Every structure is written in structure tokens, then in C-alpha cells.
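First the structure, in the form of C-alpha cells, and then the observations on it.
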Amino acid sequence: MTATISLSQLKQRTGAILNQVVTQRQDVMIERYGQEYAIIMSVERYQSLVDAAQARVRERFLKAQQEVYQATSDIAASEIDALIAESIQESRQQRAGLTDANNS
């Protein structure tokens with residue numbers, strides 16, 4: 001559950017609010033001029049969110065990697081390497097402004 005407080009309340013009760021966040025494991029939404037402004041959460045909660053996000057990214061990457069392997073199973077590794085090298089070269093040229101990205 002998330003508690004909501006104003007920025008002025010945070011200024012007046014910072015220590016108590018931080019204690020609430022850590023000991024009661026309650027996130028606190030800070031509002032400024034009636035708008036959501038920031039959130040305070042414990043380091044443990046933050047780390048669990050980061051870990052979960054990284055796990056989702058890794059899962060999507062592994063799924064995409066498997067799809068690429070399946071889609072390219074009939075292409076020789078040397079041909080794939082050549083296509084990658086060509087794509088890298090084109091990308092570098094585009095970033096350097098040597099080619100028009102729309103005409104490649």
C-alpha cells in the first residue's frame with residue numbers, strides 16, 4: 001500500500017516518514033501542488049523492482065535470441081557474420097552522416 005503526503009508534510013516529518021518506509025515497508029508518494037512528484041521506498045523494495053525488471057529484460061532477450069536462432073538455422077554462420085558486419089558498417093556510416101538513413 002502506498003501512502004500519499006504533500007511535499008510540505010515531508011519537510012516537516014522527514015525522519016518519521018523515512019522510518020515508516022523502512023520499518024513498515026510502506027511506499028510514500030510525495031505530491032507537489034497536488035500532482036504526483038516522487039516516491040520514497042526502501043532500498044529492499046527498490047532492489048526487488050530492479051531485479052524483477054532485469055529478469056523480464058533477460059527473459060525477452062533469451063526469447064528473441066531463440067527466435068533468431070530458429071529463423072536463421074538454415075543460414076551458414078559465415079553468411080550471418082557477413083550480414084552483421086555489413087549492418088554494423090552501415091550503422092556507423094549513418095551515425096557519421098556519410099549516408100542518408102532513408103535511402104539505405
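Residue names in the C-alpha cells use chain letters A, B, ... in the order shown, residue numbers from 1 in each chain, and ligand numbers from 1 in the order shown.
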
Quick one: pick out all helix (DSSP H, G or I) residues within chain A from a backbone DSSP run and write them as an MDAnalysis selection string.
chainID A and resid 7:12 14:23 43:71 77:95

Report the residues of chain A whose backbone DSSP state falls under strand (DSSP E), written as number ranges by chain.
A: 2-6, 27-32, 35-40

For stretch 39-55 of chain A, work out the shell of residues within 12 Å, counting only C-alpha atoms and skipping chain neighbours fewer than 3 positions away, then give it as a VMD selection string.
chain A and resid 1 to 7 10 14 17 to 32 35 to 36 58 to 62

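Minimum atom-to-atom distance to A:Ser8, evaluated using only C-alpha atoms, belongs to A:Gly34 out of A:Glu90, A:Ala64, A:Ile80, A:Gly34.
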